[in-house]
$ cat entry09.csv   # CSV, C-alpha atoms and all ligand atoms
chain,number,residue,atom,x,y,z
A,41,MET,CA,106.0,97.2,71.5
A,42,LYS,CA,102.4,98.2,71.2
A,43,LEU,CA,101.0,99.8,68.1
A,44,GLU,CA,100.5,103.2,69.8
A,45,SER,CA,104.1,103.3,70.8
A,46,ILE,CA,105.3,102.7,67.3
A,47,PHE,CA,103.0,105.4,66.1
A,48,ILE,CA,104.3,107.9,68.6
A,49,CYS,CA,107.9,107.0,67.8
A,50,LEU,CA,107.3,107.8,64.1
A,51,LEU,CA,105.8,111.2,65.0
A,52,LEU,CA,108.1,112.3,67.8
A,53,ALA,CA,111.8,112.5,68.5
A,54,PRO,CA,113.0,111.5,70.9
A,55,CYS,CA,110.9,108.4,70.8
A,56,LEU,CA,108.5,107.8,73.7
A,57,VAL,CA,109.1,104.3,74.9
A,58,PHE,CA,105.9,104.0,77.0
A,59,GLY,CA,103.1,104.7,74.7
A,60,ALA,CA,100.2,102.9,76.4
A,61,ASN,CA,97.4,104.6,78.3
A,62,TYR,CA,97.6,105.2,82.0
A,63,ALA,CA,95.1,106.0,84.7
A,64,ASN,CA,96.6,108.6,87.1
A,65,VAL,CA,95.8,109.3,90.7
A,66,VAL,CA,97.4,112.7,91.4
A,67,LEU,CA,98.1,113.8,94.9
A,68,TYR,CA,98.6,117.5,95.6
A,69,SER,CA,100.4,119.1,98.5
A,70,GLY,CA,97.3,121.1,99.4
A,71,ALA,CA,93.9,121.8,97.9
A,72,VAL,CA,93.5,120.3,94.5
A,73,CYS,CA,94.4,122.2,91.3
A,74,ASN,CA,96.1,125.3,92.9
A,75,SER,CA,98.9,123.6,94.8
A,76,PRO,CA,102.0,121.7,93.6
A,77,VAL,CA,101.7,118.0,92.7
A,78,LYS,CA,103.3,115.9,95.4
A,79,SER,CA,103.1,112.5,93.7
A,80,THR,CA,101.2,110.6,91.0
A,81,LEU,CA,100.2,106.9,91.0
A,82,SER,CA,99.8,105.5,87.4
A,83,TYR,CA,98.1,102.3,86.4
A,84,LEU,CA,98.3,100.7,82.9
A,85,GLU,CA,94.9,100.7,81.3
A,86,GLY,CA,93.2,97.3,81.0
A,87,GLU,CA,95.4,95.4,83.4
A,88,CYS,CA,94.2,93.6,86.5
A,89,ILE,CA,96.2,95.5,89.2
A,90,GLY,CA,95.4,94.7,92.8
A,91,THR,CA,91.7,93.8,92.4
A,92,SER,CA,91.0,96.6,89.9
A,93,ILE,CA,91.0,97.3,86.2
A,94,TYR,CA,91.3,100.9,85.0
A,95,SER,CA,89.6,102.1,81.8
A,96,CYS,CA,90.1,105.5,80.1
A,97,ASN,CA,87.4,107.2,78.1
A,98,PHE,CA,89.2,110.1,76.3
A,99,GLN,CA,86.0,111.1,74.4
A,100,ASN,CA,84.1,111.9,77.6
A,101,ASN,CA,87.1,112.5,79.9
A,102,ILE,CA,86.1,109.8,82.3
A,103,LEU,CA,88.1,107.2,84.1
A,104,THR,CA,86.3,104.0,85.2
A,105,ILE,CA,87.7,101.8,87.9
A,106,SER,CA,86.2,98.3,87.9
A,107,ASP,CA,86.6,96.6,91.2
A,108,TYR,CA,86.6,92.8,91.5
A,109,GLU,CA,86.3,90.4,94.5
A,110,ASP,CA,89.5,88.5,93.6
A,111,ILE,CA,93.0,89.3,92.5
A,112,ASP,CA,92.5,87.7,89.1
A,113,CYS,CA,89.7,90.2,88.3
A,114,LYS,CA,87.2,87.4,87.5
A,115,ASN,CA,84.3,88.2,89.8
A,116,TRP,CA,83.2,91.8,89.0
A,117,SER,CA,82.0,93.7,92.0
A,118,PHE,CA,81.3,97.4,91.1
A,119,ASN,CA,82.4,100.3,88.9
A,120,SER,CA,83.4,103.8,90.0
A,121,THR,CA,83.6,106.7,87.5
A,122,PHE,CA,85.7,109.9,87.8
A,123,SER,CA,85.8,113.0,85.6
A,124,PHE,CA,89.3,113.9,84.7
A,125,ASN,CA,91.0,116.7,86.7
A,126,ASN,CA,87.9,117.4,88.8
A,127,CYS,CA,88.7,120.4,91.0
A,128,GLN,CA,85.3,121.0,92.4
A,129,ASN,CA,85.9,119.8,96.0
A,130,PRO,CA,88.7,122.0,97.5
A,131,ASN,CA,88.8,119.7,100.6
A,132,ILE,CA,90.2,116.8,98.7
A,133,GLN,CA,93.8,116.6,97.7
A,134,THR,CA,93.6,114.1,94.8
A,135,THR,CA,92.4,114.2,91.2
A,136,MET,CA,92.0,111.4,88.7
A,137,SER,CA,92.9,111.5,85.0
A,138,CYS,CA,94.2,109.5,82.1
A,139,SER,CA,97.2,110.1,79.9
A,140,GLN,CA,98.7,108.6,76.8
A,141,GLY,CA,102.1,107.4,78.0
A,142,LEU,CA,103.3,107.7,81.5
A,143,PRO,CA,103.0,111.2,82.9
A,144,SER,CA,106.3,113.0,83.4
A,145,MET,CA,107.2,115.7,85.9
A,146,SER,CA,110.5,117.6,86.2
A,147,ASN,CA,112.2,117.3,89.5
A,148,SER,CA,110.8,113.8,90.2
A,149,TYR,CA,111.8,110.2,90.5
A,150,GLN,CA,109.7,107.4,89.1
A,151,TYR,CA,109.4,103.9,90.6
A,152,LEU,CA,108.3,101.6,87.8
A,153,THR,CA,106.8,98.1,88.2
A,154,PHE,CA,106.9,95.6,85.4
A,155,GLU,CA,104.7,92.6,85.2
A,156,SER,CA,107.6,90.2,84.7
A,157,CYS,CA,111.3,90.0,85.5
A,158,GLU,CA,111.9,88.5,82.0
A,159,ASN,CA,110.9,91.6,80.2
A,160,THR,CA,111.4,95.2,81.4
A,161,GLU,CA,111.3,96.6,77.9
A,162,THR,CA,107.5,96.6,78.0
A,163,ASP,CA,105.1,99.2,79.4
A,164,PRO,CA,105.3,99.3,83.2
A,165,ILE,CA,102.0,98.1,84.8
A,166,SER,CA,102.3,100.8,87.4
A,167,ALA,CA,104.4,103.7,88.3
A,168,GLN,CA,104.9,106.2,91.2
A,169,THR,CA,106.1,109.6,90.3
A,170,VAL,CA,107.3,111.6,93.3
A,171,SER,CA,108.7,115.1,93.5
A,172,ILE,CA,112.3,115.4,94.7
A,173,ASN,CA,114.7,118.2,96.0
A,174,GLN,CA,112.4,119.3,98.8
A,175,CYS,CA,112.4,118.7,102.5
A,176,ILE,CA,109.4,116.6,103.5
A,177,ASN,CA,108.1,116.3,107.1
A,178,ASN,CA,105.2,113.9,107.2
A,179,GLY,CA,104.6,114.2,110.9
A,180,MET,CA,106.8,111.1,111.6
A,181,ASN,CA,109.9,111.5,109.5
A,182,THR,CA,111.8,114.3,107.9
A,183,TYR,CA,113.5,113.3,104.7
A,184,TYR,CA,114.8,114.5,101.3
A,185,TYR,CA,115.1,112.8,98.0
A,186,THR,CA,117.6,113.9,95.3
A,187,CYS,CA,119.3,112.3,92.3
A,188,ASN,CA,122.6,112.4,90.7
A,189,SER,CA,123.3,110.8,87.3
A,190,THR,CA,123.5,107.3,88.7
A,191,SER,CA,121.4,107.1,91.9
A,192,LEU,CA,118.3,108.2,93.7
A,193,ILE,CA,119.5,109.3,97.2
A,194,TYR,CA,117.3,109.3,100.3
A,195,SER,CA,118.4,111.2,103.3
A,196,SER,CA,116.6,111.2,106.7
A,197,TYR,CA,117.0,113.9,109.3
A,198,GLY,CA,116.4,114.0,113.1
A,199,PRO,CA,115.1,116.9,115.1
A,200,ASP,CA,117.0,120.1,114.4
A,201,SER,CA,118.7,121.2,117.6
A,202,SER,CA,119.3,124.7,116.2
A,203,SER,CA,115.7,125.5,115.4
A,204,GLN,CA,114.4,127.0,118.7
A,205,GLY,CA,111.0,125.7,119.9
A,206,ASP,CA,110.1,124.2,116.5
A,207,SER,CA,110.3,120.4,116.6
A,208,SER,CA,110.2,120.2,112.9
A,209,THR,CA,113.4,120.3,110.9
A,210,ASP,CA,114.5,121.8,107.7
A,211,CYS,CA,116.7,119.0,106.6
A,212,ASN,CA,119.7,120.7,108.2
A,213,PRO,CA,122.9,118.8,107.2
A,214,ASN,CA,123.9,118.9,110.9
A,215,SER,CA,120.9,116.7,111.8
A,216,LEU,CA,121.4,114.1,109.1
A,217,LEU,CA,120.6,110.6,110.4
A,218,SER,CA,121.2,108.3,107.5
A,219,THR,CA,121.3,108.2,103.7
A,220,TYR,CA,120.4,105.4,101.3
A,221,SER,CA,120.9,105.2,97.6
A,222,PHE,CA,119.0,103.3,94.9
A,223,PRO,CA,120.7,102.7,91.5
A,224,LEU,CA,118.8,104.3,88.6
A,225,LYS,CA,117.7,102.4,85.5
A,226,THR,CA,118.7,99.0,87.1
A,227,PRO,CA,115.8,96.5,87.1
A,228,SER,CA,115.5,94.4,90.3
A,229,CYS,CA,113.6,91.2,90.3
A,230,HIS,CA,111.3,90.4,93.2
A,231,SER,CA,110.2,87.0,94.6
A,232,ASN,CA,106.6,87.5,93.4
A,233,GLY,CA,108.0,87.7,89.8
A,234,VAL,CA,107.6,91.4,89.2
A,235,ALA,CA,110.5,93.7,88.4
A,236,THR,CA,111.0,97.3,89.6
A,237,MET,CA,113.2,100.1,88.5
A,238,TYR,CA,114.0,103.7,89.5
A,239,THR,CA,114.4,106.5,87.0
A,240,CYS,CA,114.9,110.2,87.7
A,241,ASP,CA,114.1,113.5,85.9
A,242,TYR,CA,116.2,116.1,87.7
B,301,LIG,C1,83.2,84.1,92.1
B,301,LIG,O1,81.8,84.0,92.2
B,301,LIG,C2,81.3,82.7,92.2
B,301,LIG,C3,79.8,82.7,92.1
B,301,LIG,O2,79.2,83.6,93.0
B,301,LIG,C4,81.8,82.0,93.5
B,301,LIG,O3,81.3,80.6,93.5
B,301,LIG,C5,83.3,82.0,93.5
B,301,LIG,O4,83.7,81.4,94.7
B,301,LIG,C6,83.8,83.4,93.3
B,301,LIG,N1,85.2,83.4,93.2
B,301,LIG,C7,86.0,84.2,93.8
B,301,LIG,C8,87.5,84.1,93.5
B,301,LIG,O5,85.6,85.1,94.5
B,302,LIG,C1,82.1,98.6,84.2
B,302,LIG,O1,83.2,99.3,83.5
B,302,LIG,C2,83.7,98.5,82.4
B,302,LIG,C3,84.9,99.3,81.8
B,302,LIG,O2,84.5,100.6,81.5
B,302,LIG,C4,82.6,98.4,81.3
B,302,LIG,O3,83.0,97.6,80.2
B,302,LIG,C5,81.4,97.7,82.0
B,302,LIG,O4,80.3,97.7,81.0
B,302,LIG,C6,80.9,98.5,83.2
B,302,LIG,N1,79.9,97.7,83.9
B,302,LIG,C7,78.8,98.3,84.3
B,302,LIG,C8,77.7,97.4,84.9
B,302,LIG,O5,78.6,99.5,84.3
B,303,LIG,C1,125.8,109.4,93.1
B,303,LIG,O1,125.5,109.2,94.4
B,303,LIG,C2,125.9,107.9,94.9
B,303,LIG,C3,125.4,107.8,96.3
B,303,LIG,O2,125.7,108.9,97.1
B,303,LIG,C4,127.4,107.8,94.8
B,303,LIG,O3,127.9,106.6,95.3
B,303,LIG,C5,127.9,108.0,93.4
B,303,LIG,O4,129.3,108.0,93.3
B,303,LIG,C6,127.3,109.3,92.8
B,303,LIG,N1,127.6,109.3,91.4
B,303,LIG,C7,128.1,110.4,90.8
B,303,LIG,C8,128.2,110.3,89.3
B,303,LIG,O5,128.3,111.4,91.4
$ encode --input "entry09.csv" --output "structure tokens"
Amino acid sequence: MKLESIFICLLLAPCLVFGANYANVVLYSGAVCNSPVKSTLSYLEGECIGTSIYSCNFQNNILTISDYEDIDCKNWSFNSTFSFNNCQNPNIQTTMSCSQGLPSMSNSYQYLTFESCENTETDPISAQTVSINQCINNGMNTYYYTCNSTSLIYSSYGPDSSSQGDSSTDCNPNSLLSTYSFPLKTPSCHSNGVATMYTCDY
């Protein structure tokens, strides 16, 4: 456990397990900062993830993304900097920020990725936080995520025959195509050596 996590555990109950810093890419359902958050991608500070390393400057509220030419982050290519929570451009739907610990959001599931299958008690290297309990139509599919105490449940829906003239659906139970469930808090090991796990805040 990192020093920050121990510190937070001493100060707060219940103890925050994930105390490291994360860079967050926040995707909104419409124009930034005045519409609900759809999902957040979080990356552990200082790790080589993809071909990038994320650095948080909490003094100046700046996130720096250092891009490299290689997946080991050896040959530096360029830096990009982003002010936290910049809402100045209403045409974009994302903001950047940093947080101490993984961001949490009620009514969401989290898909955590750990660096190694051997240890899933560490800080995840990345996380996806996605809102649940709403019908999503992304232009190709209509689906709904929800959770019970043991599973994240995905349901996909076909065109709704009862909605006249409107080809979109409202996740009507009559047009349910399929469901799939993912066990919560159960790490699964992947062939590339990383482990992933679902959690849910519902
Ligand atoms: C890194 O840069 C060096 C020098 O330019 C080059 O020889 C090497 O092939 C590069 N390595 C990768 C992984 O890009
Ligand atoms: C790129 O960003 C890293 C992390 O903030 C920093 O250490 C480095 O000095 C930066 N490099 C340049 C050339 O700005
Ligand atoms: C949660 O949902 C899954 C998938 O539908 C189901 O198999 C399981 O029994 C449910 N668990 C509870 C506690 O209701």
$ closest_atom_pairs --input "entry09.csv" --of "chain A" --to "ligand LIG 301 (chain B)" --cutoff "6 Å" --atoms "all atoms listed in the file" --output "CSV"
residue,atom,partner,partner_atom,distance
A:Glu109,CA,B:LIG301,O5,5.3
A:Asp110,CA,B:LIG301,C8,4.8
A:Asn115,CA,B:LIG301,C1,4.8
$ closest_atom_pairs --input "entry09.csv" --of "chain A" --to "ligand LIG 303 (chain B)" --cutoff "12 Å" --atoms "all atoms listed in the file" --output "Markdown table"
| residue | atom | partner | partner_atom | distance |
| --- | --- | --- | --- | --- |
| A:Tyr185 | CA | B:LIG303 | O2 | 11.3 |
| A:Thr186 | CA | B:LIG303 | O1 | 9.2 |
| A:Cys187 | CA | B:LIG303 | C1 | 7.2 |
| A:Asn188 | CA | B:LIG303 | C1 | 5.0 |
| A:Ser189 | CA | B:LIG303 | C8 | 5.3 |
| A:Thr190 | CA | B:LIG303 | N1 | 5.3 |
| A:Ser191 | CA | B:LIG303 | C1 | 5.1 |
| A:Leu192 | CA | B:LIG303 | O1 | 7.3 |
| A:Ile193 | CA | B:LIG303 | C3 | 6.2 |
| A:Tyr194 | CA | B:LIG303 | O2 | 9.0 |
| A:Ser195 | CA | B:LIG303 | O2 | 9.8 |
| A:Ser218 | CA | B:LIG303 | O2 | 11.3 |
| A:Thr219 | CA | B:LIG303 | O2 | 8.0 |
| A:Tyr220 | CA | B:LIG303 | C3 | 7.5 |
| A:Ser221 | CA | B:LIG303 | C3 | 5.4 |
| A:Phe222 | CA | B:LIG303 | C3 | 7.9 |
| A:Pro223 | CA | B:LIG303 | C2 | 8.1 |
| A:Leu224 | CA | B:LIG303 | C1 | 9.8 |
$ closest_atom_pairs --input "entry09.csv" --of "range 108-223 of chain A" --to "range 74-85 of chain A" --cutoff "8 Å" --atoms "all atoms listed in the file" --output "JSON lines"
{"residue": "A:Leu142", "atom": "CA", "partner": "A:Ser82", "partner_atom": "CA", "distance": 7.2}
{"residue": "A:Pro143", "atom": "CA", "partner": "A:Ser82", "partner_atom": "CA", "distance": 7.9}
{"residue": "A:Asp163", "atom": "CA", "partner": "A:Leu84", "partner_atom": "CA", "distance": 7.8}
{"residue": "A:Pro164", "atom": "CA", "partner": "A:Leu84", "partner_atom": "CA", "distance": 7.1}
{"residue": "A:Ile165", "atom": "CA", "partner": "A:Leu84", "partner_atom": "CA", "distance": 4.9}
{"residue": "A:Ser166", "atom": "CA", "partner": "A:Tyr83", "partner_atom": "CA", "distance": 4.6}
{"residue": "A:Ala167", "atom": "CA", "partner": "A:Ser82", "partner_atom": "CA", "distance": 5.0}
{"residue": "A:Gln168", "atom": "CA", "partner": "A:Leu81", "partner_atom": "CA", "distance": 4.8}
{"residue": "A:Thr169", "atom": "CA", "partner": "A:Thr80", "partner_atom": "CA", "distance": 5.0}
{"residue": "A:Val170", "atom": "CA", "partner": "A:Ser79", "partner_atom": "CA", "distance": 4.3}
{"residue": "A:Ser171", "atom": "CA", "partner": "A:Lys78", "partner_atom": "CA", "distance": 5.8}
$ closest_atom_pairs --input "entry09.csv" --of "range 69-121 of chain A" --to "range 129-138 of chain A" --cutoff "7 Å" --atoms "only C-alpha atoms" --output "Markdown table"
| residue | atom | partner | partner_atom | distance |
| --- | --- | --- | --- | --- |
| A:Gly70 | CA | A:Gln133 | CA | 5.9 |
| A:Ala71 | CA | A:Gln133 | CA | 5.2 |
| A:Val72 | CA | A:Gln133 | CA | 4.9 |
| A:Cys96 | CA | A:Cys138 | CA | 6.1 |
| A:Leu103 | CA | A:Ser137 | CA | 6.5 |
$ atom_distance --input "entry09.csv" --atom1 "CA of Lys225 in chain A" --atom2 "CA of Phe154 in chain A"
12.8 Å
$ residues_near_ligand --input "entry09.csv" --ligand "ligand LIG 302 (chain B)" --cutoff "9 Å" --atoms "only C-alpha atoms and all ligand atoms" --output "PyMOL selection string"
chain A and resi 86+93-97+103-107+116+118-121
$ write_last_selection --input "entry09.csv" --atoms "C-alpha atoms" --output "PDB file, keeping the file's coordinate frame"
ATOM      1  CA  GLY A  86      93.200  97.300  81.000  1.00  0.00           C
ATOM      2  CA  ILE A  93      91.000  97.300  86.200  1.00  0.00           C
ATOM      3  CA  TYR A  94      91.300 100.900  85.000  1.00  0.00           C
ATOM      4  CA  SER A  95      89.600 102.100  81.800  1.00  0.00           C
ATOM      5  CA  CYS A  96      90.100 105.500  80.100  1.00  0.00           C
ATOM      6  CA  ASN A  97      87.400 107.200  78.100  1.00  0.00           C
ATOM      7  CA  LEU A 103      88.100 107.200  84.100  1.00  0.00           C
ATOM      8  CA  THR A 104      86.300 104.000  85.200  1.00  0.00           C
ATOM      9  CA  ILE A 105      87.700 101.800  87.900  1.00  0.00           C
ATOM     10  CA  SER A 106      86.200  98.300  87.900  1.00  0.00           C
ATOM     11  CA  ASP A 107      86.600  96.600  91.200  1.00  0.00           C
ATOM     12  CA  TRP A 116      83.200  91.800  89.000  1.00  0.00           C
ATOM     13  CA  PHE A 118      81.300  97.400  91.100  1.00  0.00           C
ATOM     14  CA  ASN A 119      82.400 100.300  88.900  1.00  0.00           C
ATOM     15  CA  SER A 120      83.400 103.800  90.000  1.00  0.00           C
ATOM     16  CA  THR A 121      83.600 106.700  87.500  1.00  0.00           C
TER      17      THR A 121
END
$ atom_distance --input "entry09.csv" --atom1 "CA of Cys211 in chain A" --atom2 "CA of Leu67 in chain A"
22.6 Å
$ residues_around --input "entry09.csv" --residues "Asn159 in chain A" --least-positions-apart "4" --cutoff "12 Å" --atoms "only C-alpha atoms" --output "list in words"
Met41, Thr153, Phe154, Glu155, Asp163, Pro164, Ile165, Pro227, Ser228, Cys229, Gly233, Val234, Ala235 and Thr236 of chain A
$ atom_distance --input "entry09.csv" --atom1 "CA of Tyr151 in chain A" --atom2 "CA of Asn177 in chain A"
20.7 Å
$ closest_residue --input "entry09.csv" --among "A:Ile89, A:Met180, A:Cys73, A:Met237" --to "Gly198 in chain A" --atoms "only C-alpha atoms"
A:Met180
$ closest_residue --input "entry09.csv" --among "A:Ile111, A:Cys240, A:Cys175, A:Cys127" --to "Tyr149 in chain A" --atoms "all atoms listed in the file"
A:Cys240
$ closest_residue --input "entry09.csv" --among "A:Val66, A:Leu217, A:Ile172, A:Cys157" --to "Ser231 in chain A" --atoms "all atoms listed in the file"
A:Cys157
$ closest_residue --input "entry09.csv" --among "A:Ser69, A:Ser215, A:Ser92, A:Asn181" --to "Cys113 in chain A" --atoms "all atoms listed in the file"
A:Ser92
$ residues_around --input "entry09.csv" --residues "Thr182 in chain A" --least-positions-apart "6" --cutoff "6 Å" --atoms "only C-alpha atoms" --output "NGL selection string"
:A and (176 or 196-197)
$ decode --input "entry09.csv" --residues "range 83-94 of chain A" --atoms "all heavy atoms" --output "tab-separated table (two decimals), in the first residue's frame"
chain	number	residue	atom	x	y	z
A	83	TYR	N	-6.53	7.18	-15.22
A	83	TYR	CA	-5.21	6.58	-15.42
A	83	TYR	C	-4.33	6.87	-14.22
A	83	TYR	O	-4.23	8.03	-13.79
A	83	TYR	CB	-4.55	7.14	-16.69
A	83	TYR	CG	-5.38	6.96	-17.93
A	83	TYR	CD1	-6.19	7.98	-18.42
A	83	TYR	CD2	-5.38	5.73	-18.60
A	83	TYR	CE1	-6.95	7.80	-19.56
A	83	TYR	CE2	-6.15	5.55	-19.74
A	83	TYR	CZ	-6.93	6.59	-20.22
A	83	TYR	OH	-7.71	6.41	-21.33
A	84	LEU	N	-3.67	5.86	-13.70
A	84	LEU	CA	-2.79	6.02	-12.54
A	84	LEU	C	-1.62	6.91	-12.90
A	84	LEU	O	-0.92	6.68	-13.90
A	84	LEU	CB	-2.31	4.64	-12.09
A	84	LEU	CG	-1.42	4.55	-10.85
A	84	LEU	CD1	-2.13	5.10	-9.61
A	84	LEU	CD2	-1.01	3.10	-10.61
A	85	GLU	N	-1.38	7.94	-12.08
A	85	GLU	CA	-0.30	8.88	-12.35
A	85	GLU	C	1.05	8.16	-12.36
A	85	GLU	O	1.31	7.27	-11.54
A	85	GLU	CB	-0.27	9.97	-11.25
A	85	GLU	CG	0.80	11.01	-11.49
A	85	GLU	CD	0.89	12.06	-10.39
A	85	GLU	OE1	0.68	11.71	-9.22
A	85	GLU	OE2	1.15	13.22	-10.72
A	86	GLY	N	1.90	8.56	-13.31
A	86	GLY	CA	3.28	8.08	-13.33
A	86	GLY	C	3.48	6.74	-14.00
A	86	GLY	O	4.62	6.30	-14.20
A	87	GLU	N	2.40	6.03	-14.38
A	87	GLU	CA	2.53	4.73	-15.05
A	87	GLU	C	2.60	4.91	-16.55
A	87	GLU	O	1.99	5.82	-17.10
A	87	GLU	CB	1.30	3.86	-14.76
A	87	GLU	CG	1.18	3.30	-13.39
A	87	GLU	CD	2.15	2.17	-13.14
A	87	GLU	OE1	2.22	1.23	-13.96
A	87	GLU	OE2	2.85	2.23	-12.11
A	88	CYS	N	3.32	4.02	-17.21
A	88	CYS	CA	3.31	3.99	-18.68
A	88	CYS	C	2.07	3.20	-19.11
A	88	CYS	O	1.99	1.99	-18.89
A	88	CYS	CB	4.59	3.33	-19.18
A	88	CYS	SG	4.66	3.20	-20.98
A	89	ILE	N	1.07	3.88	-19.67
A	89	ILE	CA	-0.19	3.24	-20.06
A	89	ILE	C	-0.41	3.53	-21.53
A	89	ILE	O	-0.49	4.69	-21.93
A	89	ILE	CB	-1.36	3.75	-19.20
A	89	ILE	CG1	-1.10	3.49	-17.72
A	89	ILE	CG2	-2.68	3.11	-19.64
A	89	ILE	CD1	-2.09	4.14	-16.78
A	90	GLY	N	-0.52	2.47	-22.34
A	90	GLY	CA	-0.52	2.67	-23.79
A	90	GLY	C	0.86	3.18	-24.15
A	90	GLY	O	1.86	2.50	-23.92
A	91	THR	N	0.96	4.39	-24.70
A	91	THR	CA	2.27	5.00	-24.94
A	91	THR	C	2.35	6.34	-24.21
A	91	THR	O	3.05	7.24	-24.65
A	91	THR	CB	2.51	5.19	-26.45
A	91	THR	OG1	1.44	6.00	-26.98
A	91	THR	CG2	2.55	3.88	-27.20
A	92	SER	N	1.62	6.47	-23.08
A	92	SER	CA	1.54	7.75	-22.39
A	92	SER	C	1.80	7.63	-20.90
A	92	SER	O	1.51	6.58	-20.29
A	92	SER	CB	0.14	8.36	-22.56
A	92	SER	OG	-0.20	8.49	-23.92
A	93	ILE	N	2.34	8.70	-20.32
A	93	ILE	CA	2.48	8.83	-18.86
A	93	ILE	C	1.73	10.10	-18.44
A	93	ILE	O	1.91	11.15	-19.05
A	93	ILE	CB	3.96	8.90	-18.41
A	93	ILE	CG1	4.68	7.59	-18.76
A	93	ILE	CG2	4.06	9.17	-16.90
A	93	ILE	CD1	6.16	7.58	-18.42
A	94	TYR	N	0.89	9.98	-17.41
A	94	TYR	CA	0.05	11.09	-16.95
A	94	TYR	C	0.66	11.67	-15.67
A	94	TYR	O	1.02	10.92	-14.77
A	94	TYR	CB	-1.37	10.57	-16.67
A	94	TYR	CG	-2.03	10.00	-17.89
A	94	TYR	CD1	-1.72	8.71	-18.33
A	94	TYR	CD2	-2.92	10.75	-18.64
A	94	TYR	CE1	-2.30	8.18	-19.48
A	94	TYR	CE2	-3.52	10.23	-19.78
A	94	TYR	CZ	-3.20	8.94	-20.20
A	94	TYR	OH	-3.76	8.42	-21.34
